[in-house]
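Novice: Provided herewith: protein-v2.cif, mmCIF, C-alpha atoms and all ligand atoms.
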data_start
loop_
_atom_site.label_atom_id
_atom_site.label_comp_id
_atom_site.auth_asym_id
_atom_site.auth_seq_id
_atom_site.Cartn_x
_atom_site.Cartn_y
_atom_site.Cartn_z
CA MET A 1 23.97 -15.06 -1.62
CA LYS A 2 22.56 -12.91 -4.45
CA LYS A 3 22.24 -9.21 -3.76
CA ILE A 4 19.13 -7.59 -5.21
CA LEU A 5 18.48 -3.85 -5.22
CA ILE A 6 14.79 -2.87 -5.15
CA THR A 7 14.14 0.86 -5.60
CA GLY A 8 10.99 2.54 -4.29
CA GLY A 9 10.32 -0.27 -1.83
CA ALA A 10 8.72 2.03 0.75
CA GLY A 11 6.00 3.01 -1.75
CA PHE A 12 2.77 1.25 -2.59
CA ILE A 13 3.75 -1.46 -5.10
CA GLY A 14 7.40 -1.56 -4.01
CA SER A 15 6.44 -2.50 -0.45
CA HIS A 16 4.54 -5.56 -1.70
CA VAL A 17 7.45 -6.54 -3.94
CA VAL A 18 10.02 -6.13 -1.15
CA ARG A 19 7.87 -8.16 1.25
CA ARG A 20 7.44 -10.96 -1.30
CA PHE A 21 11.14 -11.13 -2.17
CA VAL A 22 12.35 -10.99 1.45
CA LYS A 23 9.95 -13.75 2.54
CA ARG A 24 10.22 -15.97 -0.50
CA TYR A 25 13.94 -15.79 -1.19
CA PRO A 26 16.02 -16.28 1.98
CA GLN A 27 18.97 -16.95 -0.36
CA TYR A 28 18.82 -13.31 -1.56
CA HIS A 29 19.81 -10.21 0.34
CA ILE A 30 17.29 -7.49 -0.49
CA PHE A 31 18.43 -3.87 -0.41
CA ASN A 32 15.47 -1.49 -0.42
CA LEU A 33 16.56 1.94 -1.67
CA ASP A 34 14.03 4.71 -1.14
CA ALA A 35 14.23 8.49 -0.72
CA LEU A 36 11.12 8.48 1.51
CA THR A 37 9.32 11.20 -0.39
CA TYR A 38 5.72 12.03 0.61
CA ALA A 39 4.77 8.68 -1.02
CA GLY A 40 7.35 6.57 0.81
CA ASN A 41 6.54 5.21 4.26
CA LEU A 42 8.54 2.73 6.34
CA GLU A 43 5.30 1.67 8.04
CA ASN A 44 4.46 -0.08 4.74
CA ILE A 45 7.21 -2.64 5.36
CA LYS A 46 7.42 -2.67 9.13
CA ASP A 47 6.63 -6.39 9.32
CA ILE A 48 9.88 -7.36 7.56
CA GLU A 49 12.26 -4.63 8.78
CA ASN A 50 14.15 -6.99 11.12
CA GLU A 51 14.59 -9.89 8.68
CA SER A 52 18.24 -10.90 8.35
CA ASN A 53 18.15 -10.83 4.52
CA TYR A 54 16.84 -7.24 4.39
CA THR A 55 18.51 -3.82 4.51
CA PHE A 56 16.84 -0.44 4.09
CA VAL A 57 18.92 2.30 2.47
CA LYS A 58 17.64 5.87 2.49
CA GLY A 59 18.82 7.60 -0.66
CA ASP A 60 17.88 9.36 -3.85
CA ILE A 61 18.23 7.67 -7.25
CA THR A 62 19.12 11.04 -8.77
CA ASP A 63 22.25 11.34 -6.58
CA GLU A 64 24.90 10.11 -9.01
CA VAL A 65 27.82 9.81 -6.58
CA PHE A 66 25.75 8.10 -3.91
CA ILE A 67 24.33 5.58 -6.41
CA ALA A 68 27.76 4.83 -7.91
CA ASP A 69 29.13 4.18 -4.40
CA LEU A 70 26.18 1.96 -3.52
CA PHE A 71 26.76 -0.22 -6.59
CA ALA A 72 30.52 -0.33 -5.98
CA THR A 73 29.98 -1.35 -2.34
CA HIS A 74 27.39 -4.07 -2.90
CA ASP A 75 27.96 -5.24 -6.50
CA PHE A 76 24.27 -6.06 -7.00
CA ASP A 77 23.29 -9.08 -9.10
CA GLY A 78 19.91 -7.62 -9.99
CA VAL A 79 17.91 -4.41 -9.89
CA VAL A 80 14.12 -4.15 -9.64
CA HIS A 81 13.43 -0.48 -10.31
CA LEU A 82 10.12 0.92 -9.03
CA ALA A 83 11.13 4.31 -7.57
CA ALA A 84 9.25 7.05 -9.36
CA GLU A 85 7.00 10.02 -9.06
CA SER A 86 3.77 8.20 -9.80
CA HIS A 87 0.75 10.53 -9.62
CA VAL A 88 -0.59 12.02 -12.87
CA ASP A 89 -2.22 15.03 -11.17
CA ARG A 90 1.06 16.02 -9.50
CA SER A 91 2.85 15.71 -12.85
CA ILE A 92 0.49 18.31 -14.31
CA VAL A 93 1.47 20.76 -11.55
CA ASP A 94 5.22 19.99 -11.43
CA PRO A 95 6.43 18.14 -14.57
CA LEU A 96 10.13 18.76 -13.91
CA ALA A 97 10.06 16.70 -10.71
CA PHE A 98 8.89 13.79 -12.90
CA VAL A 99 11.68 14.28 -15.44
CA LYS A 100 14.20 14.41 -12.61
CA THR A 101 13.22 11.20 -10.83
CA ASN A 102 11.68 9.14 -13.62
CA VAL A 103 14.05 9.96 -16.47
CA PHE A 104 17.27 11.25 -14.90
CA GLY A 105 17.04 8.89 -11.90
CA THR A 106 16.55 5.88 -14.18
CA MET A 107 19.57 7.00 -16.23
CA ILE A 108 21.71 7.21 -13.09
CA LEU A 109 20.75 3.63 -12.19
CA LEU A 110 21.37 2.38 -15.74
CA ASN A 111 24.81 3.99 -15.79
CA ALA A 112 25.70 2.58 -12.39
CA ALA A 113 24.65 -0.94 -13.43
CA LYS A 114 26.51 -0.68 -16.74
CA LYS A 115 29.68 0.55 -15.03
CA GLN A 116 29.55 -2.01 -12.23
CA TRP A 117 28.81 -4.97 -14.49
CA GLN A 118 31.45 -3.88 -17.08
CA GLY A 119 30.04 -5.97 -19.91
CA ASN A 120 30.14 -9.11 -17.73
CA PHE A 121 26.39 -9.59 -17.71
CA GLU A 122 26.24 -13.28 -16.75
CA GLY A 123 23.50 -13.71 -14.11
CA LYS A 124 22.72 -9.97 -14.05
CA ARG A 125 19.36 -8.35 -14.71
CA PHE A 126 17.94 -4.82 -14.72
CA TYR A 127 14.14 -4.91 -14.35
CA HIS A 128 12.33 -1.66 -15.10
CA ILE A 129 8.74 -1.36 -13.85
CA SER A 130 6.57 0.79 -16.08
CA THR A 131 2.98 1.63 -16.84
CA ASP A 132 0.31 1.11 -19.49
CA GLU A 133 -0.05 4.92 -19.66
CA VAL A 134 2.92 5.07 -22.06
CA TYR A 135 0.57 3.78 -24.78
CA GLY A 136 -1.68 6.84 -24.49
CA THR A 137 -5.41 6.35 -24.69
CA LEU A 138 -7.74 3.79 -26.26
CA GLY A 139 -11.11 4.60 -27.80
CA ALA A 140 -14.11 2.42 -27.03
CA GLU A 141 -12.49 -0.65 -28.64
CA GLY A 142 -9.17 -2.49 -28.54
CA LEU A 143 -6.48 -3.40 -26.01
CA PHE A 144 -2.86 -2.36 -25.44
CA THR A 145 -0.41 -5.07 -26.56
CA GLU A 146 3.38 -5.08 -26.27
CA THR A 147 3.60 -3.74 -29.84
CA THR A 148 1.19 -0.81 -29.41
CA PRO A 149 3.14 2.36 -30.31
CA TYR A 150 4.02 4.69 -27.44
CA ASP A 151 1.82 7.81 -27.39
CA PRO A 152 1.97 9.33 -23.88
CA ASN A 153 -0.33 12.24 -23.00
CA SER A 154 0.60 13.40 -19.49
CA PRO A 155 3.94 14.60 -18.14
CA TYR A 156 3.92 11.47 -15.93
CA SER A 157 3.39 9.06 -18.82
CA ALA A 158 5.87 10.97 -21.02
CA SER A 159 8.52 10.64 -18.31
CA LYS A 160 7.83 6.91 -17.92
CA ALA A 161 7.89 6.44 -21.72
CA SER A 162 11.22 8.24 -21.87
CA SER A 163 12.69 6.03 -19.13
CA ASP A 164 11.42 2.91 -20.95
CA HIS A 165 13.19 4.07 -24.13
CA PHE A 166 16.47 4.57 -22.26
CA VAL A 167 16.24 1.10 -20.73
CA ARG A 168 15.76 -0.43 -24.20
CA ALA A 169 18.54 1.74 -25.62
CA TYR A 170 20.98 0.49 -22.94
CA GLY A 171 19.98 -3.05 -23.89
CA GLU A 172 20.56 -2.47 -27.60
CA THR A 173 23.66 -0.28 -27.34
CA TYR A 174 25.57 -1.75 -24.40
CA GLY A 175 23.97 -5.18 -24.15
CA LEU A 176 22.61 -4.44 -20.67
CA PRO A 177 20.33 -7.37 -19.75
CA TYR A 178 16.93 -5.87 -19.05
CA VAL A 179 13.28 -6.81 -18.73
CA LEU A 180 10.45 -4.28 -18.78
CA THR A 181 6.80 -4.53 -17.79
CA ASN A 182 3.92 -2.16 -18.43
CA CYS A 183 1.11 -2.62 -15.93
CA SER A 184 -2.41 -1.27 -15.54
CA ASN A 185 -3.91 0.46 -12.46
CA ASN A 186 -3.07 -1.26 -9.18
CA TYR A 187 -5.12 -1.13 -5.99
CA GLY A 188 -4.78 -2.69 -2.54
CA PRO A 189 -3.34 -2.11 0.95
CA PHE A 190 -0.78 0.71 1.48
CA HIS A 191 -2.04 2.69 -1.56
CA PHE A 192 -1.45 6.39 -0.91
CA PRO A 193 -4.81 8.22 -0.68
CA GLU A 194 -4.14 10.61 -3.54
CA LYS A 195 -5.20 7.92 -6.05
CA LEU A 196 -8.85 7.16 -6.83
CA ILE A 197 -9.64 4.07 -4.74
CA PRO A 198 -7.89 4.91 -1.44
CA LEU A 199 -8.86 8.59 -1.72
CA PHE A 200 -12.51 7.65 -2.05
CA ILE A 201 -12.34 5.04 0.74
CA ASN A 202 -10.87 7.70 3.03
CA ASN A 203 -13.49 10.26 2.02
CA ILE A 204 -16.36 7.82 2.52
CA ILE A 205 -15.07 6.99 6.01
CA ASN A 206 -14.94 10.74 6.77
CA ASN A 207 -18.21 11.63 4.99
CA LYS A 208 -16.39 13.93 2.57
CA PRO A 209 -17.36 14.59 -1.08
CA LEU A 210 -16.17 12.05 -3.69
CA PRO A 211 -14.64 14.21 -6.48
CA VAL A 212 -15.33 12.41 -9.78
CA TYR A 213 -13.45 14.06 -12.66
CA GLY A 214 -15.48 15.08 -15.74
CA ASP A 215 -18.43 12.83 -16.54
CA GLY A 216 -16.95 9.80 -14.74
CA LYS A 217 -17.00 7.75 -17.97
CA TYR A 218 -13.22 7.23 -18.03
CA THR A 219 -12.18 3.59 -17.96
CA ARG A 220 -9.31 1.87 -16.18
CA ASP A 221 -8.21 -1.78 -15.93
CA TRP A 222 -7.72 -2.63 -12.24
CA LEU A 223 -5.31 -5.20 -10.80
CA PHE A 224 -4.88 -6.24 -7.15
CA VAL A 225 -1.37 -5.19 -6.11
CA GLU A 226 -0.33 -8.60 -4.76
CA ASP A 227 -1.08 -10.08 -8.19
CA HIS A 228 1.25 -7.46 -9.69
CA ALA A 229 3.95 -8.49 -7.19
CA VAL A 230 3.54 -12.13 -8.28
CA ALA A 231 3.92 -11.07 -11.92
CA ILE A 232 7.05 -9.05 -11.09
CA ASP A 233 8.55 -12.05 -9.30
CA LEU A 234 7.85 -14.26 -12.33
CA VAL A 235 9.21 -11.81 -14.90
CA PHE A 236 12.33 -11.13 -12.82
CA HIS A 237 13.11 -14.85 -12.65
CA GLU A 238 11.69 -16.23 -15.89
CA GLY A 239 11.09 -13.34 -18.27
CA LYS A 240 13.04 -13.30 -21.53
CA ASN A 241 16.03 -11.01 -21.69
CA HIS A 242 15.53 -7.74 -23.63
CA ASP A 243 11.78 -8.28 -23.62
CA THR A 244 8.59 -6.51 -22.54
CA TYR A 245 5.45 -7.90 -20.93
CA ASN A 246 2.10 -6.19 -20.41
CA ILE A 247 0.38 -6.90 -17.09
CA GLY A 248 -3.30 -6.20 -16.46
CA GLY A 249 -6.36 -7.36 -14.61
CA PHE A 250 -8.72 -8.22 -17.50
CA ASN A 251 -10.92 -5.95 -15.40
CA GLU A 252 -12.22 -2.75 -16.99
CA TRP A 253 -14.39 -0.36 -15.02
CA GLN A 254 -15.78 3.06 -15.82
CA ASN A 255 -14.86 5.30 -12.89
CA ILE A 256 -18.47 6.07 -11.99
CA ASP A 257 -19.45 2.37 -11.86
CA LEU A 258 -16.42 1.58 -9.74
CA VAL A 259 -17.22 4.44 -7.36
CA LYS A 260 -20.82 3.22 -7.00
CA LEU A 261 -19.62 -0.32 -6.24
CA LEU A 262 -17.20 1.08 -3.66
CA CYS A 263 -20.01 3.09 -2.07
CA GLN A 264 -22.24 0.00 -1.83
CA ILE A 265 -19.55 -2.14 -0.16
CA MET A 266 -18.59 0.69 2.20
CA ASP A 267 -22.21 1.25 3.26
CA THR A 268 -22.45 -2.44 4.19
CA LYS A 269 -19.09 -2.46 6.02
CA LEU A 270 -19.82 0.75 7.91
CA GLY A 271 -23.38 -0.30 8.76
CA ARG A 272 -24.78 2.71 6.90
CA GLU A 273 -28.12 2.77 5.15
CA LYS A 274 -27.98 1.66 1.50
CA GLY A 275 -27.33 4.65 -0.80
CA THR A 276 -25.74 6.84 1.90
CA SER A 277 -22.23 7.02 0.42
CA GLU A 278 -23.46 7.55 -3.17
CA GLN A 279 -24.85 10.87 -2.02
CA LEU A 280 -21.26 12.03 -1.55
CA ILE A 281 -20.51 11.71 -5.30
CA THR A 282 -19.64 15.16 -6.70
CA TYR A 283 -18.69 15.79 -10.32
CA VAL A 284 -15.71 18.17 -10.47
CA LYS A 285 -13.63 19.78 -13.19
CA ASP A 286 -11.84 17.28 -15.43
CA ARG A 287 -8.13 16.38 -15.38
CA PRO A 288 -6.38 18.11 -18.33
CA GLY A 289 -5.35 15.62 -21.04
CA HIS A 290 -7.39 12.92 -19.29
CA ASP A 291 -6.91 9.56 -21.07
CA LEU A 292 -10.31 8.05 -21.90
CA ARG A 293 -9.58 4.37 -21.56
CA TYR A 294 -6.77 1.96 -20.64
CA ALA A 295 -7.10 -1.82 -21.11
CA ILE A 296 -4.33 -4.36 -21.23
CA ASP A 297 -3.99 -7.50 -23.31
CA ALA A 298 -2.01 -9.70 -20.89
CA THR A 299 -2.00 -12.75 -23.18
CA LYS A 300 1.78 -12.82 -23.58
CA ILE A 301 2.64 -13.07 -19.87
CA ASN A 302 -0.20 -15.55 -19.47
CA LYS A 303 0.98 -17.81 -22.33
CA GLU A 304 4.75 -17.53 -21.73
CA LEU A 305 4.92 -17.42 -17.93
CA GLY A 306 1.54 -18.81 -16.88
CA TRP A 307 0.56 -15.67 -14.94
CA GLN A 308 -3.01 -14.60 -14.33
CA PRO A 309 -4.76 -12.55 -11.63
CA SER A 310 -5.68 -14.67 -8.60
CA VAL A 311 -8.56 -12.61 -7.20
CA THR A 312 -11.71 -11.13 -8.73
CA PHE A 313 -12.25 -7.39 -8.44
CA GLU A 314 -14.98 -7.86 -5.84
CA GLN A 315 -12.65 -10.04 -3.71
CA GLY A 316 -9.72 -7.64 -4.10
CA LEU A 317 -11.83 -4.60 -3.33
CA GLU A 318 -13.25 -6.23 -0.23
CA LYS A 319 -9.75 -7.18 1.00
CA THR A 320 -8.63 -3.61 0.32
CA ILE A 321 -11.54 -1.98 2.13
CA ASP A 322 -11.12 -4.34 5.09
CA TRP A 323 -7.45 -3.39 5.27
CA TYR A 324 -8.21 0.36 5.30
CA LEU A 325 -10.91 -0.07 7.94
CA ALA A 326 -8.51 -2.06 10.11
CA ASN A 327 -5.69 0.45 9.59
CA THR A 328 -7.25 3.82 10.26
CA ALA A 329 -4.11 4.88 12.17
CA TRP A 330 -2.05 4.38 8.96
CA LEU A 331 -4.60 6.46 7.03
CA GLU A 332 -4.66 9.21 9.64
CA ASN A 333 -0.87 9.29 9.72
CA VAL A 334 -0.46 9.72 5.94
CA THR A 335 -3.29 12.25 5.66
CA SER A 336 -1.95 14.55 8.37
CA GLY A 337 0.54 17.32 7.59
CA ALA A 338 1.35 18.06 3.92
CA TYR A 339 -1.57 15.98 2.61
CA ALA A 340 -4.11 18.60 3.71
CA SER A 341 -2.49 21.37 1.68
CA TYR A 342 -2.11 19.06 -1.37
CA TYR A 343 -5.81 18.20 -1.10
CA GLU A 344 -6.84 21.83 -0.76
CA LYS A 345 -4.84 22.87 -3.87
CA GLN A 346 -6.00 19.90 -5.97
CA TYR A 347 -9.69 19.99 -5.16
CA THR A 348 -10.49 23.66 -4.56
CA ASN A 349 -11.30 25.26 -7.90
P1 LIG B 1 4.47 5.30 -5.15
O1 LIG B 1 4.38 6.74 -5.49
O2 LIG B 1 3.51 4.72 -4.17
O3 LIG B 1 5.93 4.97 -4.59
C1 LIG B 1 7.09 5.48 -5.16
C2 LIG B 1 8.24 5.25 -4.19
O4 LIG B 1 9.43 5.75 -4.82
C3 LIG B 1 8.09 5.99 -2.86
O5 LIG B 1 8.42 5.14 -1.79
C4 LIG B 1 9.08 7.14 -2.96
O6 LIG B 1 9.61 7.53 -1.71
C5 LIG B 1 10.14 6.54 -3.88
N1 LIG B 1 10.89 7.57 -4.60
C6 LIG B 1 10.36 8.61 -5.31
N2 LIG B 1 11.36 9.37 -5.82
C7 LIG B 1 12.52 8.78 -5.44
C8 LIG B 1 13.89 9.08 -5.67
N3 LIG B 1 14.25 10.15 -6.39
N4 LIG B 1 14.83 8.25 -5.17
C9 LIG B 1 14.47 7.15 -4.44
N5 LIG B 1 13.19 6.84 -4.17
C10 LIG B 1 12.22 7.64 -4.66
O7 LIG B 1 4.41 4.54 -6.53
P2 LIG B 1 3.72 3.15 -6.90
O8 LIG B 1 2.30 3.38 -7.23
O9 LIG B 1 4.09 2.13 -5.91
O10 LIG B 1 4.47 2.85 -8.30
C11 LIG B 1 5.71 2.16 -8.30
C12 LIG B 1 6.18 2.01 -9.74
O11 LIG B 1 5.21 1.29 -10.48
C13 LIG B 1 6.36 3.35 -10.46
O12 LIG B 1 7.49 3.23 -11.29
C14 LIG B 1 5.10 3.49 -11.29
O13 LIG B 1 5.34 4.26 -12.44
C15 LIG B 1 4.80 2.04 -11.62
N6 LIG B 1 3.39 1.71 -11.83
C16 LIG B 1 2.43 2.08 -10.94
C17 LIG B 1 1.10 1.69 -11.15
C18 LIG B 1 0.01 2.03 -10.16
O14 LIG B 1 -1.17 1.77 -10.44
N7 LIG B 1 0.32 2.57 -8.99
C19 LIG B 1 0.76 0.94 -12.28
C20 LIG B 1 1.77 0.61 -13.21
C21 LIG B 1 3.08 0.98 -12.97
O1 LIG B 2 -2.52 2.89 -15.49
C1 LIG B 2 -1.46 2.80 -14.58
C2 LIG B 2 -1.36 4.09 -13.80
O2 LIG B 2 -2.46 4.10 -12.90
C3 LIG B 2 -0.05 4.23 -13.03
O3 LIG B 2 1.02 4.29 -13.93
C4 LIG B 2 -0.07 5.49 -12.16
O4 LIG B 2 1.11 5.54 -11.37
C5 LIG B 2 -1.27 5.41 -11.25
O5 LIG B 2 -1.36 6.61 -10.48
C6 LIG B 2 -2.56 5.22 -12.06
O6 LIG B 2 -2.85 6.41 -12.85
P1 LIG B 2 -4.35 6.96 -13.01
O7 LIG B 2 -4.27 8.39 -13.36
O8 LIG B 2 -5.16 6.07 -13.87
O9 LIG B 2 -4.86 6.76 -11.48
P2 LIG B 2 -5.73 7.67 -10.52
O10 LIG B 2 -6.08 6.85 -9.33
O11 LIG B 2 -5.11 9.01 -10.29
O12 LIG B 2 -7.07 7.92 -11.37
C7 LIG B 2 -7.88 6.82 -11.79
C8 LIG B 2 -9.06 7.41 -12.55
O13 LIG B 2 -9.89 8.13 -11.61
C9 LIG B 2 -8.68 8.41 -13.61
O14 LIG B 2 -9.57 8.31 -14.71
C10 LIG B 2 -8.86 9.77 -12.93
C11 LIG B 2 -10.02 9.50 -11.99
N1 LIG B 2 -10.01 10.30 -10.72
C12 LIG B 2 -8.90 10.30 -9.98
C13 LIG B 2 -8.83 11.04 -8.81
C14 LIG B 2 -7.56 11.06 -7.98
C15 LIG B 2 -11.15 10.99 -10.34
O15 LIG B 2 -12.22 10.96 -11.03
N2 LIG B 2 -11.10 11.71 -9.19
C16 LIG B 2 -9.98 11.78 -8.41
O16 LIG B 2 -10.00 12.50 -7.37
#
Once more with this new file: its structure as structure tokens, please.
Ligand code: NAD
Ligand code: DAU

Specialist:
Amino acid sequence: MKKILITGGAGFIGSHVVRRFVKRYPQYHIFNLDALTYAGNLENIKDIENESNYTFVKGDITDEVFIADLFATHDFDGVVHLAAESHVDRSIVDPLAFVKTNVFGTMILLNAAKKQWQGNFEGKRFYHISTDEVYGTLGAEGLFTETTPYDPNSPYSASKASSDHFVRAYGETYGLPYVLTNCSNNYGPFHFPEKLIPLFINNIINNKPLPVYGDGKYTRDWLFVEDHAVAIDLVFHEGKNHDTYNIGGFNEWQNIDLVKLLCQIMDTKLGREKGTSEQLITYVKDRPGHDLRYAIDATKINKELGWQPSVTFEQGLEKTIDWYLANTAWLENVTSGAYASYYEKQYTN
């Protein structure tokens, strides 16, 4: 039985990846390593917690001794590394936390894999999950390809870019077998409500203002999270060694248009009069260093591995909204406690 370590599996994307791997690969044993920070939640993977090919391990990727022991004990065949500090706004307030987890933590994992595998890399793979934000910002035209130079603008994207460089360096210098993907904005169930879509769904439900940064003309390329999990599965199994793939939704939206669409669907779902939720839109002070536009050219993964998104944005958004409306207890749970003070600090000028 192959032993696969997935880091960050109690977070948003990680929970979908863990679920997919546990269900789809009974011949693997999946170890989900997560520190359960504010963003990690065991409720996100409750449905698979008793599966016989699944083990949850609470631990921090920055704890060198603990990670070395974990690798020595289980001798993993593969690593799918998602654990990270992931929110741009938090990185502006506390950049060092991002260096610690995203750069140092990735280094600790790379070192542990290198030491454990001892140059015997047959059947081994280190898969690093990264973001399109490492490429910086686009103007009105163009798309990010795998050869676009790195040009990160936020502490978050700089920390992810740095970790990407170390992964490549371990491949070049020590021969560590790696694959790396850079994905666009995900959305879907279990998304923590500090990010645009779940934050606005939660605020619409509660009739709270919808804080649109700047003029709302910033553009993101949105991908349904389960389609990202499918891509991760494909790249882990069929991606070329020492290679990078961009993953995106072919789905660009200016924030303000997306927010208006969200408002329309929510009004229908909540039985509110048309136009009710749009009245909550409030323009607030901009994010410092705000990247204007992200858009991914996902031709390579499409041509080489046959991947493409399976749902349209309207379908994915509807599934997402339905999930949040059916899981208000999950929302209430994650927005109680520390969330209120985060919200107050972030959105009170
Ligand atoms: P998330 O914030 O929802 O989850 C991160 C998880 O990592 C949490 O469960 C948290 O507890 C865990 N974690 C954080 N620090 C840890 C540490 N030191 N040790 C162990 N576990 C720790 O993040 P997400 O949105 O699911 O993103 C997952 C990965 O995908 C990240 O690497 C992120 O950079 C990347 N990514 C995210 C998006 C997106 O749109 N969300 C897009 C592209 C790439
Ligand atoms: O592109 C991939 C990245 O997408 C991931 O690497 C990050 O982990 C993920 O958080 C996401 O980053 P963004 O900064 O693009 O996502 P966020 O949801 O924070 O913001 C999306 C857009 O909405 C962005 O232009 C900022 C804007 N925004 C966001 C919030 C939270 C607002 O206008 N108001 C808000 O309150």

Novice: Find the residues around Ser86 of chain A up to 10 Å (only C-alpha atoms counted), leave out those fewer than 5 positions away in its own chain, and share them as a PyMOL selection string.

Specialist: chain A and resi 11+39+91+98+101-102+131+156-157+160+195

Novice: For a quick check of your reading of the model, name the residues lying within 10 Å of the coordinate (11.6, -9.6, 1.2), counting all atoms listed in the file, and write them as a PDB file with C-alpha atoms, keeping the file's coordinate frame.

Specialist:
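Output file selection08.pdb follows:
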ATOM      1  CA  ILE A   6      14.790  -2.870  -5.150  1.00  0.00           C
ATOM      2  CA  GLY A   9      10.320  -0.270  -1.830  1.00  0.00           C
ATOM      3  CA  SER A  15       6.440  -2.500  -0.450  1.00  0.00           C
ATOM      4  CA  HIS A  16       4.540  -5.560  -1.700  1.00  0.00           C
ATOM      5  CA  VAL A  17       7.450  -6.540  -3.940  1.00  0.00           C
ATOM      6  CA  VAL A  18      10.020  -6.130  -1.150  1.00  0.00           C
ATOM      7  CA  ARG A  19       7.870  -8.160   1.250  1.00  0.00           C
ATOM      8  CA  ARG A  20       7.440 -10.960  -1.300  1.00  0.00           C
ATOM      9  CA  PHE A  21      11.140 -11.130  -2.170  1.00  0.00           C
ATOM     10  CA  VAL A  22      12.350 -10.990   1.450  1.00  0.00           C
ATOM     11  CA  LYS A  23       9.950 -13.750   2.540  1.00  0.00           C
ATOM     12  CA  ARG A  24      10.220 -15.970  -0.500  1.00  0.00           C
ATOM     13  CA  TYR A  25      13.940 -15.790  -1.190  1.00  0.00           C
ATOM     14  CA  PRO A  26      16.020 -16.280   1.980  1.00  0.00           C
ATOM     15  CA  TYR A  28      18.820 -13.310  -1.560  1.00  0.00           C
ATOM     16  CA  HIS A  29      19.810 -10.210   0.340  1.00  0.00           C
ATOM     17  CA  ILE A  30      17.290  -7.490  -0.490  1.00  0.00           C
ATOM     18  CA  PHE A  31      18.430  -3.870  -0.410  1.00  0.00           C
ATOM     19  CA  ASN A  32      15.470  -1.490  -0.420  1.00  0.00           C
ATOM     20  CA  ILE A  45       7.210  -2.640   5.360  1.00  0.00           C
ATOM     21  CA  ILE A  48       9.880  -7.360   7.560  1.00  0.00           C
ATOM     22  CA  GLU A  49      12.260  -4.630   8.780  1.00  0.00           C
ATOM     23  CA  GLU A  51      14.590  -9.890   8.680  1.00  0.00           C
ATOM     24  CA  SER A  52      18.240 -10.900   8.350  1.00  0.00           C
ATOM     25  CA  ASN A  53      18.150 -10.830   4.520  1.00  0.00           C
ATOM     26  CA  TYR A  54      16.840  -7.240   4.390  1.00  0.00           C
ATOM     27  CA  THR A  55      18.510  -3.820   4.510  1.00  0.00           C
TER      28      THR A  55
END

Novice: Could you give me, as a PyMOL selection string, the residues within 12 Å of segment 283-289 of chain A, counting all atoms listed in the file and dropping anything in the same chain fewer than 2 positions from it?

Specialist: chain A and resi 88-93+136-137+152-157+209-218+255-256+259+278-281+291-292+346-349

Novice: Using all atoms listed in the file for the distances, tell me which of A:Asp164, A:Asp132, A:Glu172, A:Asp151 is nearest to ligand LIG 1 (chain B).

Specialist: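 Checking each of A:Asp164, A:Asp132, A:Glu172, A:Asp151 against ligand LIG 1 (chain B), counting all atoms listed in the file, the winner is A:Asp132.
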
Novice: Please identify every polymer residue within 8 Å of ligand LIG 1 (chain B), using all atoms listed in the file, and present the set as JSON, numbers by chain.

Specialist: {"A": [7, 8, 9, 10, 11, 12, 13, 14, 15, 33, 34, 35, 36, 37, 38, 39, 40, 41, 58, 59, 60, 61, 62, 81, 82, 83, 84, 85, 86, 87, 100, 101, 102, 105, 128, 129, 130, 131, 132, 133, 160, 182, 183, 184, 185, 186, 187, 191, 192]}

Novice: At what distance in Å, to one decimal, does atom CA of Gly175 of chain A lie from atom CA of Gly119 of chain A?

Specialist: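 Distance reported for this atom pair: 7.4 Å.
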
Novice: Just want the 10 Å neighbourhood of Ile301 of chain A, counted on only C-alpha atoms, with same-chain residues fewer than 4 positions away dropped. Output as a PyMOL selection string.

Specialist: chain A and resi 181+231+234-235+239+244-248+297+305-308

Novice: Looking at all atoms listed in the file, which of A:Thr282, A:Gln315, A:Thr299, A:Asn44 is the one that sits closest to ligand LIG 2 (chain B)?

Specialist: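 Closest to ligand LIG 2 (chain B), using all atoms listed in the file: A:Thr282.
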
Novice: Which polymer residues have any atom within 10 Å of an atom of segment 335-340 of chain A, counting all atoms listed in the file, with same-chain residues fewer than 5 positions away left out, as a ChimeraX atom specification?

Specialist: /A:38,192-194,199,202,329-330,345-346

Novice: With a distance cut-off of 10 Å and all atoms listed in the file, select the neighbouring residues of Pro189 of chain A, excluding the residue or stretch itself and same-chain residues fewer than 6 positions from it, and output the selection as a list in words.

Specialist: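 Listed by chain and then number, they are Phe12, Ile13, Ser15, His16, Asn44, Pro198, Phe224, Val225, Glu226, Gly316, Leu317, Lys319, Thr320, Ile321, Asp322, Trp323, Tyr324 and Asn327 of chain A.
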
Novice: Separation of atom N1 of ligand LIG 2 (chain B) and atom CA of Glu141 of chain A, in Å?

Specialist: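 Those two atoms sit 21.1 Å apart.
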